[in-house]
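Have a look at start08.pdb; it's PDB, C-alpha atoms:
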```pdb
ATOM      1  CA  MET A   1     -22.986 -37.121  92.098
ATOM      2  CA  ASN A   2     -22.363 -37.698  95.811
ATOM      3  CA  VAL A   3     -25.053 -35.157  96.712
ATOM      4  CA  LEU A   4     -27.548 -36.796  94.367
ATOM      5  CA  TRP A   5     -26.839 -40.233  95.783
ATOM      6  CA  PHE A   6     -27.389 -38.854  99.291
ATOM      7  CA  LEU A   7     -30.720 -37.325  98.277
ATOM      8  CA  GLU A   8     -31.699 -40.557  96.535
ATOM      9  CA  GLY A   9     -31.128 -42.363  99.808
ATOM     10  CA  ILE A  10     -33.602 -40.164 101.722
ATOM     11  CA  ARG A  11     -36.366 -40.084  99.101
ATOM     12  CA  THR A  12     -39.899 -40.924 100.195
ATOM     13  CA  THR A  13     -43.130 -41.294  98.284
ATOM     14  CA  ALA A  14     -44.487 -38.102  99.848
ATOM     15  CA  GLY A  15     -41.250 -36.267  99.086
ATOM     16  CA  ASN A  16     -41.359 -37.369  95.464
ATOM     17  CA  VAL A  17     -44.892 -36.028  95.074
ATOM     18  CA  LEU A  18     -44.068 -32.783  96.893
ATOM     19  CA  PHE A  19     -40.981 -31.933  94.856
ATOM     20  CA  GLN A  20     -42.593 -32.889  91.547
ATOM     21  CA  PHE A  21     -45.229 -30.303  92.485
ATOM     22  CA  VAL A  22     -42.585 -27.725  93.477
ATOM     23  CA  THR A  23     -40.637 -28.190  90.248
ATOM     24  CA  CYS A  24     -43.758 -27.300  88.223
ATOM     25  CA  PHE A  25     -43.284 -23.668  89.310
ATOM     26  CA  GLY A  26     -40.125 -23.571  87.210
ATOM     27  CA  GLN A  27     -41.814 -24.770  84.037
ATOM     28  CA  GLU A  28     -42.282 -22.478  81.065
ATOM     29  CA  THR A  29     -46.079 -22.931  81.020
ATOM     30  CA  PHE A  30     -46.491 -21.698  84.591
ATOM     31  CA  LEU A  31     -44.143 -18.767  84.119
ATOM     32  CA  LEU A  32     -45.858 -17.607  80.928
ATOM     33  CA  ALA A  33     -49.288 -17.858  82.585
ATOM     34  CA  VAL A  34     -48.120 -15.618  85.448
ATOM     35  CA  LEU A  35     -46.441 -13.282  82.971
ATOM     36  CA  CYS A  36     -49.690 -13.002  80.986
ATOM     37  CA  CYS A  37     -51.638 -12.157  84.143
ATOM     38  CA  LEU A  38     -49.180  -9.439  85.147
ATOM     39  CA  TYR A  39     -48.784  -8.064  81.634
ATOM     40  CA  TRP A  40     -52.442  -7.927  80.607
ATOM     41  CA  CYS A  41     -54.091  -7.129  83.929
ATOM     42  CA  VAL A  42     -51.770  -5.862  86.662
ATOM     43  CA  ASP A  43     -48.429  -4.152  85.940
ATOM     44  CA  LYS A  44     -47.230  -4.072  82.347
ATOM     45  CA  SER A  45     -43.870  -2.476  83.146
ATOM     46  CA  PHE A  46     -42.990  -5.033  85.809
ATOM     47  CA  ALA A  47     -44.086  -7.867  83.506
ATOM     48  CA  CYS A  48     -41.719  -6.524  80.831
ATOM     49  CA  GLN A  49     -38.922  -6.554  83.406
ATOM     50  CA  ILE A  50     -39.614 -10.201  84.215
ATOM     51  CA  GLY A  51     -39.858 -11.007  80.513
ATOM     52  CA  LEU A  52     -36.518  -9.369  79.787
ATOM     53  CA  THR A  53     -34.973 -11.286  82.679
ATOM     54  CA  TYR A  54     -36.438 -14.618  81.602
ATOM     55  CA  PHE A  55     -35.885 -14.477  77.843
ATOM     56  CA  SER A  56     -32.399 -12.964  77.942
ATOM     57  CA  SER A  57     -31.069 -15.288  80.661
ATOM     58  CA  GLY A  58     -32.747 -18.168  78.833
ATOM     59  CA  LEU A  59     -30.586 -17.465  75.795
ATOM     60  CA  VAL A  60     -27.482 -17.650  77.969
ATOM     61  CA  VAL A  61     -28.564 -20.846  79.721
ATOM     62  CA  GLN A  62     -29.587 -22.606  76.503
ATOM     63  CA  GLY A  63     -26.425 -21.412  74.773
ATOM     64  CA  LEU A  64     -24.345 -22.922  77.572
ATOM     65  CA  LYS A  65     -26.293 -26.181  77.333
ATOM     66  CA  VAL A  66     -25.449 -26.741  73.667
ATOM     67  CA  THR A  67     -21.879 -25.519  74.168
ATOM     68  CA  PHE A  68     -20.848 -27.775  77.070
ATOM     69  CA  ARG A  69     -23.297 -30.609  76.229
ATOM     70  CA  ILE A  70     -23.113 -32.194  79.697
ATOM     71  CA  PRO A  71     -25.318 -35.320  79.958
ATOM     72  CA  ARG A  72     -28.008 -35.831  82.586
ATOM     73  CA  PRO A  73     -27.028 -37.503  85.906
ATOM     74  CA  TRP A  74     -28.421 -40.933  84.971
ATOM     75  CA  ILE A  75     -26.263 -40.891  81.832
ATOM     76  CA  LEU A  76     -23.170 -39.802  83.758
ATOM     77  CA  ASP A  77     -23.814 -42.664  86.188
ATOM     78  CA  PRO A  78     -25.949 -45.432  84.647
ATOM     79  CA  ASP A  79     -26.613 -46.889  88.110
ATOM     80  CA  PHE A  80     -28.239 -43.677  89.364
ATOM     81  CA  PRO A  81     -32.079 -43.728  89.422
ATOM     82  CA  PRO A  82     -33.934 -40.403  88.970
ATOM     83  CA  VAL A  83     -37.560 -40.084  90.016
ATOM     84  CA  PRO A  84     -39.424 -41.518  86.989
ATOM     85  CA  GLY A  85     -42.195 -38.909  87.021
ATOM     86  CA  ALA A  86     -39.665 -36.102  86.507
ATOM     87  CA  LEU A  87     -38.167 -37.470  83.305
ATOM     88  CA  SER A  88     -40.823 -36.151  80.910
ATOM     89  CA  HIS A  89     -39.761 -32.542  81.540
ATOM     90  CA  ALA A  90     -36.026 -33.276  81.726
ATOM     91  CA  THR A  91     -35.247 -32.442  78.099
ATOM     92  CA  GLY A  92     -31.992 -31.224  76.628
ATOM     93  CA  TYR A  93     -28.606 -31.264  78.287
ATOM     94  CA  SER A  94     -28.068 -30.978  82.021
ATOM     95  CA  PHE A  95     -25.890 -27.874  82.536
ATOM     96  CA  PRO A  96     -27.259 -25.349  83.521
ATOM     97  CA  SER A  97     -30.733 -26.111  84.900
ATOM     98  CA  GLY A  98     -33.542 -24.598  82.802
ATOM     99  CA  HIS A  99     -36.211 -25.070  85.487
ATOM    100  CA  THR A 100     -34.034 -23.304  88.043
ATOM    101  CA  GLN A 101     -33.471 -20.474  85.581
ATOM    102  CA  GLY A 102     -37.194 -20.110  84.885
ATOM    103  CA  GLY A 103     -38.226 -20.219  88.530
ATOM    104  CA  THR A 104     -35.529 -17.787  89.611
ATOM    105  CA  CYS A 105     -36.365 -15.335  86.819
ATOM    106  CA  LEU A 106     -39.950 -15.221  88.094
ATOM    107  CA  PHE A 107     -39.548 -15.282  91.860
ATOM    108  CA  ALA A 108     -36.315 -13.285  92.245
ATOM    109  CA  PRO A 109     -37.838 -10.127  90.646
ATOM    110  CA  LEU A 110     -40.908 -10.630  92.847
ATOM    111  CA  ALA A 111     -38.632 -10.862  95.905
ATOM    112  CA  ILE A 112     -36.762  -7.712  94.866
ATOM    113  CA  LYS A 113     -40.003  -5.798  94.288
ATOM    114  CA  ALA A 114     -41.804  -6.985  97.437
ATOM    115  CA  LYS A 115     -42.033  -4.426 100.237
ATOM    116  CA  LYS A 116     -42.798  -6.813 103.092
ATOM    117  CA  ARG A 117     -40.019  -8.934 104.522
ATOM    118  CA  ALA A 118     -42.265 -12.003 104.733
ATOM    119  CA  LEU A 119     -42.947 -11.840 100.989
ATOM    120  CA  LYS A 120     -39.255 -11.421 100.220
ATOM    121  CA  ILE A 121     -38.507 -14.561 102.230
ATOM    122  CA  LEU A 122     -41.393 -16.453 100.600
ATOM    123  CA  PHE A 123     -40.363 -15.605  97.025
ATOM    124  CA  SER A 124     -36.690 -16.300  97.751
ATOM    125  CA  ALA A 125     -37.591 -19.655  99.275
ATOM    126  CA  ALA A 126     -39.653 -20.446  96.165
ATOM    127  CA  PHE A 127     -36.790 -20.276  93.664
ATOM    128  CA  LEU A 128     -34.368 -21.983  96.068
ATOM    129  CA  LEU A 129     -36.839 -24.839  96.534
ATOM    130  CA  ILE A 130     -37.250 -25.169  92.769
ATOM    131  CA  GLY A 131     -33.491 -25.530  92.427
ATOM    132  CA  PHE A 132     -33.397 -28.071  95.259
ATOM    133  CA  SER A 133     -36.273 -30.024  93.697
ATOM    134  CA  ARG A 134     -34.223 -30.565  90.535
ATOM    135  CA  MET A 135     -31.492 -32.224  92.591
ATOM    136  CA  TYR A 136     -33.919 -34.188  94.772
ATOM    137  CA  LEU A 137     -35.643 -35.569  91.671
ATOM    138  CA  GLY A 138     -32.244 -36.559  90.301
ATOM    139  CA  VAL A 139     -32.431 -34.632  87.033
ATOM    140  CA  HIS A 140     -29.705 -32.052  87.764
ATOM    141  CA  THR A 141     -26.453 -31.893  89.696
ATOM    142  CA  PRO A 142     -25.615 -29.115  92.201
ATOM    143  CA  LYS A 143     -23.336 -27.579  89.562
ATOM    144  CA  ASP A 144     -26.259 -27.320  87.126
ATOM    145  CA  VAL A 145     -28.488 -25.650  89.699
ATOM    146  CA  LEU A 146     -25.847 -23.288  91.068
ATOM    147  CA  ALA A 147     -24.862 -22.052  87.601
ATOM    148  CA  ALA A 148     -28.497 -21.360  86.697
ATOM    149  CA  LEU A 149     -29.061 -19.554  90.007
ATOM    150  CA  ILE A 150     -26.040 -17.289  89.538
ATOM    151  CA  ILE A 151     -26.951 -16.423  85.934
ATOM    152  CA  SER A 152     -30.608 -15.771  86.731
ATOM    153  CA  LEU A 153     -29.911 -13.708  89.866
ATOM    154  CA  CYS A 154     -27.455 -11.543  87.928
ATOM    155  CA  PHE A 155     -30.038 -10.879  85.216
ATOM    156  CA  SER A 156     -32.751 -10.296  87.837
ATOM    157  CA  TRP A 157     -30.643  -7.707  89.628
ATOM    158  CA  PHE A 158     -29.572  -6.033  86.391
ATOM    159  CA  PHE A 159     -33.067  -5.584  84.971
ATOM    160  CA  ALA A 160     -34.520  -4.622  88.355
ATOM    161  CA  ARG A 161     -31.957  -1.816  88.529
ATOM    162  CA  TYR A 162     -31.766  -0.724  84.906
ATOM    163  CA  GLY A 163     -34.955  -2.108  83.318
ATOM    164  CA  SER A 164     -36.829   1.200  83.307
ATOM    165  CA  LEU A 165     -33.868   2.994  81.743
ATOM    166  CA  LEU A 166     -33.473   0.332  79.072
ATOM    167  CA  LEU A 167     -37.188   0.357  78.235
ATOM    168  CA  SER A 168     -36.930   4.082  77.572
ATOM    169  CA  HIS A 169     -34.599   3.118  74.701
ATOM    170  CA  VAL A 170     -36.811   0.309  73.480
ATOM    171  CA  ARG A 171     -35.618   0.335  69.866
ATOM    172  CA  THR A 172     -31.990  -0.270  70.828
ATOM    173  CA  LEU A 173     -33.003  -2.778  73.497
ATOM    174  CA  SER A 174     -35.160  -4.748  71.051
ATOM    175  CA  LEU A 175     -32.447  -4.765  68.387
ATOM    176  CA  VAL A 176     -29.849  -6.065  70.858
ATOM    177  CA  LEU A 177     -32.167  -8.777  72.173
ATOM    178  CA  ALA A 178     -33.182  -9.867  68.649
ATOM    179  CA  PHE A 179     -29.532  -9.919  67.560
ATOM    180  CA  CYS A 180     -28.569 -12.089  70.549
ATOM    181  CA  ALA A 181     -31.476 -14.474  69.913
ATOM    182  CA  LEU A 182     -30.636 -14.830  66.220
ATOM    183  CA  THR A 183     -26.971 -15.352  67.081
ATOM    184  CA  VAL A 184     -27.862 -18.227  69.420
ATOM    185  CA  LEU A 185     -30.162 -19.653  66.727
ATOM    186  CA  LEU A 186     -27.432 -19.531  64.056
ATOM    187  CA  TYR A 187     -24.877 -20.911  66.519
ATOM    188  CA  THR A 188     -27.137 -23.881  67.284
ATOM    189  CA  GLY A 189     -27.739 -24.448  63.576
ATOM    190  CA  LEU A 190     -23.986 -24.398  62.961
ATOM    191  CA  LEU A 191     -23.387 -26.987  65.690
ATOM    192  CA  LEU A 192     -26.045 -29.187  64.106
ATOM    193  CA  ARG A 193     -24.507 -28.711  60.673
ATOM    194  CA  LEU A 194     -21.038 -29.653  61.912
ATOM    195  CA  GLY A 195     -22.381 -32.733  63.682
ATOM    196  CA  CYS A 196     -21.287 -31.461  67.098
ATOM    197  CA  LEU A 197     -24.825 -31.409  68.484
ATOM    198  CA  ASP A 198     -27.395 -34.178  68.589
ATOM    199  CA  ILE A 199     -30.670 -32.971  67.096
ATOM    200  CA  ARG A 200     -32.565 -34.476  70.071
ATOM    201  CA  TYR A 201     -30.962 -31.933  72.387
ATOM    202  CA  ALA A 202     -31.244 -28.827  70.217
ATOM    203  CA  GLY A 203     -34.983 -28.199  70.593
ATOM    204  CA  ASP A 204     -34.983 -26.166  73.801
ATOM    205  CA  CYS A 205     -32.233 -23.849  72.551
ATOM    206  CA  ILE A 206     -33.946 -23.236  69.227
ATOM    207  CA  LYS A 207     -37.294 -22.557  70.932
ATOM    208  CA  ALA A 208     -35.597 -20.097  73.307
ATOM    209  CA  SER A 209     -34.104 -18.291  70.295
ATOM    210  CA  GLY A 210     -37.488 -18.009  68.594
ATOM    211  CA  ALA A 211     -39.111 -16.786  71.793
ATOM    212  CA  GLY A 212     -36.345 -14.214  72.220
ATOM    213  CA  VAL A 213     -36.962 -12.794  68.740
ATOM    214  CA  GLY A 214     -40.722 -12.768  69.391
ATOM    215  CA  PHE A 215     -40.238 -10.922  72.658
ATOM    216  CA  ALA A 216     -37.952  -8.329  71.051
ATOM    217  CA  VAL A 217     -40.401  -7.647  68.210
ATOM    218  CA  GLY A 218     -43.468  -7.678  70.449
ATOM    219  CA  LEU A 219     -41.887  -5.355  72.993
ATOM    220  CA  TYR A 220     -40.918  -2.856  70.310
ATOM    221  CA  LEU A 221     -44.338  -2.893  68.622
ATOM    222  CA  GLU A 222     -46.242  -2.539  71.876
ATOM    223  CA  GLN A 223     -44.059   0.271  73.210
ATOM    224  CA  THR A 224     -44.065   2.257  69.951
ATOM    225  CA  ARG A 225     -47.417   1.430  68.312
ATOM    226  CA  LEU A 226     -49.914   0.335  70.948
ATOM    227  CA  ARG A 227     -49.147   1.273  74.582
ATOM    228  CA  PHE A 228     -52.251  -0.466  75.885
ATOM    229  CA  SER A 229     -53.696   0.058  79.359
ATOM    230  CA  THR A 230     -54.197  -2.810  81.813
ATOM    231  CA  VAL A 231     -57.214  -1.051  83.331
ATOM    232  CA  THR A 232     -60.764  -2.318  82.786
ATOM    233  CA  ARG A 233     -64.045  -0.949  84.090
ATOM    234  CA  THR A 234     -64.799  -3.930  86.346
ATOM    235  CA  PRO A 235     -62.936  -6.841  87.967
ATOM    236  CA  TYR A 236     -65.067  -9.154  85.796
ATOM    237  CA  GLY A 237     -63.576  -7.443  82.753
ATOM    238  CA  GLN A 238     -60.086  -8.319  83.972
ATOM    239  CA  ALA A 239     -61.088 -11.923  84.579
ATOM    240  CA  TRP A 240     -62.631 -12.303  81.129
ATOM    241  CA  LYS A 241     -59.620 -10.608  79.517
ATOM    242  CA  LEU A 242     -57.227 -13.021  81.217
ATOM    243  CA  LEU A 243     -59.342 -16.098  80.530
ATOM    244  CA  ALA A 244     -59.860 -15.215  76.857
ATOM    245  CA  GLY A 245     -56.160 -14.489  76.456
ATOM    246  CA  LEU A 246     -55.003 -17.769  77.976
ATOM    247  CA  VAL A 247     -57.542 -19.807  75.986
ATOM    248  CA  SER A 248     -56.711 -18.035  72.715
ATOM    249  CA  THR A 249     -52.995 -18.584  73.322
ATOM    250  CA  LEU A 250     -53.539 -22.311  73.848
ATOM    251  CA  ILE A 251     -55.694 -22.534  70.723
ATOM    252  CA  LEU A 252     -53.129 -20.641  68.662
ATOM    253  CA  ARG A 253     -50.407 -22.960  69.894
ATOM    254  CA  GLN A 254     -52.403 -26.010  68.830
ATOM    255  CA  LEU A 255     -53.188 -24.515  65.420
ATOM    256  CA  LEU A 256     -49.561 -23.641  64.745
ATOM    257  CA  THR A 257     -48.413 -27.182  65.459
ATOM    258  CA  LEU A 258     -50.687 -28.594  62.736
ATOM    259  CA  PRO A 259     -49.174 -27.275  59.453
ATOM    260  CA  ALA A 260     -45.573 -28.419  59.940
ATOM    261  CA  SER A 261     -43.011 -29.795  62.336
ATOM    262  CA  GLY A 262     -39.278 -29.511  62.866
ATOM    263  CA  LEU A 263     -36.849 -27.575  65.015
ATOM    264  CA  PHE A 264     -36.921 -24.303  63.123
ATOM    265  CA  TRP A 265     -40.695 -24.433  62.799
ATOM    266  CA  ASP A 266     -40.736 -24.779  66.605
ATOM    267  CA  ALA A 267     -38.669 -21.595  66.802
ATOM    268  CA  PHE A 268     -41.202 -19.833  64.569
ATOM    269  CA  VAL A 269     -44.104 -21.085  66.711
ATOM    270  CA  SER A 270     -42.419 -19.897  69.917
ATOM    271  CA  GLY A 271     -41.814 -16.468  68.411
ATOM    272  CA  ILE A 272     -45.403 -16.090  67.175
ATOM    273  CA  LEU A 273     -46.844 -17.132  70.545
ATOM    274  CA  VAL A 274     -44.751 -14.570  72.414
ATOM    275  CA  LEU A 275     -45.641 -11.931  69.808
ATOM    276  CA  TRP A 276     -49.335 -12.771  70.296
ATOM    277  CA  ILE A 277     -49.001 -12.367  74.064
ATOM    278  CA  LEU A 278     -47.105  -9.074  73.894
ATOM    279  CA  PHE A 279     -48.749  -7.299  70.983
ATOM    280  CA  PHE A 280     -51.527  -8.934  68.990
ATOM    281  CA  TYR A 281     -53.815  -9.996  71.839
ATOM    282  CA  PRO A 282     -53.450  -6.621  73.645
ATOM    283  CA  ALA A 283     -54.280  -4.959  70.319
ATOM    284  CA  VAL A 284     -57.459  -7.050  70.137
ATOM    285  CA  PHE A 285     -58.765  -6.190  73.598
ATOM    286  CA  THR A 286     -57.731  -2.553  73.188
ATOM    287  CA  ALA A 287     -59.779  -2.328  69.976
ATOM    288  CA  LEU A 288     -62.755  -3.972  71.668
ATOM    289  CA  SER A 289     -62.509  -1.592  74.619
ATOM    290  CA  LYS A 290     -62.563   1.434  72.296
ATOM    291  CA  LYS A 291     -65.678   0.137  70.550
ATOM    292  CA  ARG A 292     -67.447  -0.193  73.879
TER     293      ARG A 292
END
```
Any chance you could put this one into C-alpha cells?
Amino acid sequence: MNVLWFLEGIRTTAGNVLFQFVTCFGQETFLLAVLCCLYWCVDKSFACQIGLTYFSSGLVVQGLKVTFRIPRPWILDPDFPPVPGALSHATGYSFPSGHTQGGTCLFAPLAIKAKKRALKILFSAAFLLIGFSRMYLGVHTPKDVLAALIISLCFSWFFARYGSLLLSHVRTLSLVLAFCALTVLLYTGLLLRLGCLDIRYAGDCIKASGAGVGFAVGLYLEQTRLRFSTVTRTPYGQAWKLLAGLVSTLILRQLLTLPASGLFWDAFVSGILVLWILFFYPAVFTALSKKR
C-alpha cells in the first residue's frame, strides 16, 4: 500500500484523465475489437495466437482471483481513496490484475512479432503503462500487477514459440482448453456452493470460463470445417466486413441479455459471442463471398 499512497500523493487532474484513458486499452471490449480486426481482415493465424494467449491466461488469472480472494486496495485500507472514475471497471477481486493481463496478452505478442525496434518498444511500453495505470488509479497493488504481468508474459512467449505447432493439432488443443475452462467453471461453482465465494465476485471468472469454452469450440470448428480467407477483393470490402461484424456482435450481445440473467447464463452468453466471432460470422461472410 505504500506505493499506492505515494502515487495518490502525486495525482493530478490531467494524470487522472490520462491514465483512465490508458487503462481502457486493457479492457475486454478493446481487446476483442482488435482481435476481430486481425482475425477477420488481417492475419487469422496471429489472431488465434493472441486469442489462445488471452483466453488461456485469463482462466489462470480468474482462477487465482477466486482462490486467493484478495480485496481491492480501498477495502484493505478504508482510508485509501481510488480515482472514482476507475471504480466502474474494477470488478471482482484484486489479485491478479485482469486489465494488466488483457493488455499484456494483446501488446506482448505484438511486441514479439514486430520487426522494427521502435514498434517493439512502443508495444512493450503499452502493456507496462496499462499495468502502471492500475496502480496510479488505486485499483490494484504492485503485487496484483506484477503477478498478472508474469503470467501473461509467460503465456505470450509460450504461444509465440509453440502456437503454430499446437494449432496443427487443433483437436487436442481445443479439448485441453475446453477441459480447463470447464474445470474453472465447476471450481467456481463449487466455491459458491460451499459458501467460500461471494456471488458478487464470481462473475468475471464464470464469464472467462464460458469464453474459454466458446474459443475452444470455435477454433476447432473453424480449423476443421471452414478455414475462411481474410482476403477480399477491395479495401472497402474489408471495411464493410469489419463494420458489419462488430455491429452484429454488439446486437447479438444485446439480444442474448434479454431472455435471462444470472452467472451461468453470463457464461453461456460469453461462449456464444466468442463462437460467433470465431466461426459463425466468418461462415456468413464466406457464404456471401461465394455467392458473389
TODO: I would like the residues chosen by the PyMOL selection byres ((chain A and resi 51-68) around 6) on the shown file; could you give them as number ranges by chain?
DONE: A: 48-50, 69-70, 93, 95, 105, 155-156, 205, 212
TODO: Within 7 Å of range 98-100 of chain A, counting only C-alpha atoms, which residues show up once you throw out same-chain ones fewer than 4 positions away? Write them as a count of residues only, please.
DONE: 10
- [ ] Could you tell me which of A:Gly218, A:Pro282, A:Gly92, A:Gly103 comes closest to Pro71 in chain A if we count all atoms listed in the file?
- [x]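 Selected residue with least distance to Pro71 in chain A: A:Gly92.
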Can you tell me which residues surround Leu263 in chain A at a distance of at most 7 Å, considering all atoms listed in the file, apart from same-chain residues fewer than 4 positions away, and format the answer as a tab-separated table (two decimals) with C-alpha atoms, keeping the file's coordinate frame?
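Resulting contents of result-v2.tsv:
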```tsv
chain	number	residue	atom	x	y	z
A	203	GLY	CA	-34.98	-28.20	70.59
A	206	ILE	CA	-33.95	-23.24	69.23
A	267	ALA	CA	-38.67	-21.60	66.80
```
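Restricting the calculation to only C-alpha atoms, the smallest distance between Leu242 in chain A and any of A:Leu256, A:Ala33, A:Leu4, A:Leu221 is found for A:Ala33.
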Task: Point-to-point distance from CA of Leu146 in chain A to CA of Val176 in chain A, Å rounded to tenths - done: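 Going from CA of Leu146 in chain A over to CA of Val176 in chain A covers 26.9 Å.
Nearest residue to Phe280 in chain A among A:Arg233, A:Arg193, A:Lys115, A:Arg225 is A:Arg225, counting all atoms listed in the file.
Between CA of Ala147 in chain A and CA of Pro73 in chain A the separation is 15.7 Å.
Pairwise distance (CA of Thr23 in chain A, CA of Ser88 in chain A) equals 12.3 Å.
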TODO: Name the residues in contact with Lys241 in chain A at a cut-off of 8 Å, using all atoms listed in the file, excluding same-chain residues fewer than 2 positions from it; report them as a list in words.
DONE: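 Once the nearby chain positions are removed, what remains is Trp40, Cys41, Gly237, Gln238, Ala239, Leu243, Ala244, Gly245 and Phe285 of chain A.
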Open item on the list: Could you tell me, as a PyMOL selection string, exactly which residues end up selected when the PyMOL selection byres ((chain A and resi 20) around 12) is applied to this structure?
Closed with: chain A and resi 13-19+21-27+82-90+99+129-139
Open item on the list: Around (-36.2, -10.9, 91.6), as given in the file, which residues come within 8 Å? Count all atoms listed in the file and list them as a PyMOL selection string.
Closed with: chain A and resi 104-113+153+156-157+160
Taking all atoms of range 187-204 of chain A that the file lists, what box with edges along x, y and z, padded by 8 Å per side, do you get, with centre and edge lengths in Å to one decimal, as JSON?
```
{"center_x": -28.0, "center_y": -27.7, "center_z": 67.2, "size_x": 29.9, "size_y": 29.6, "size_z": 29.1}
```
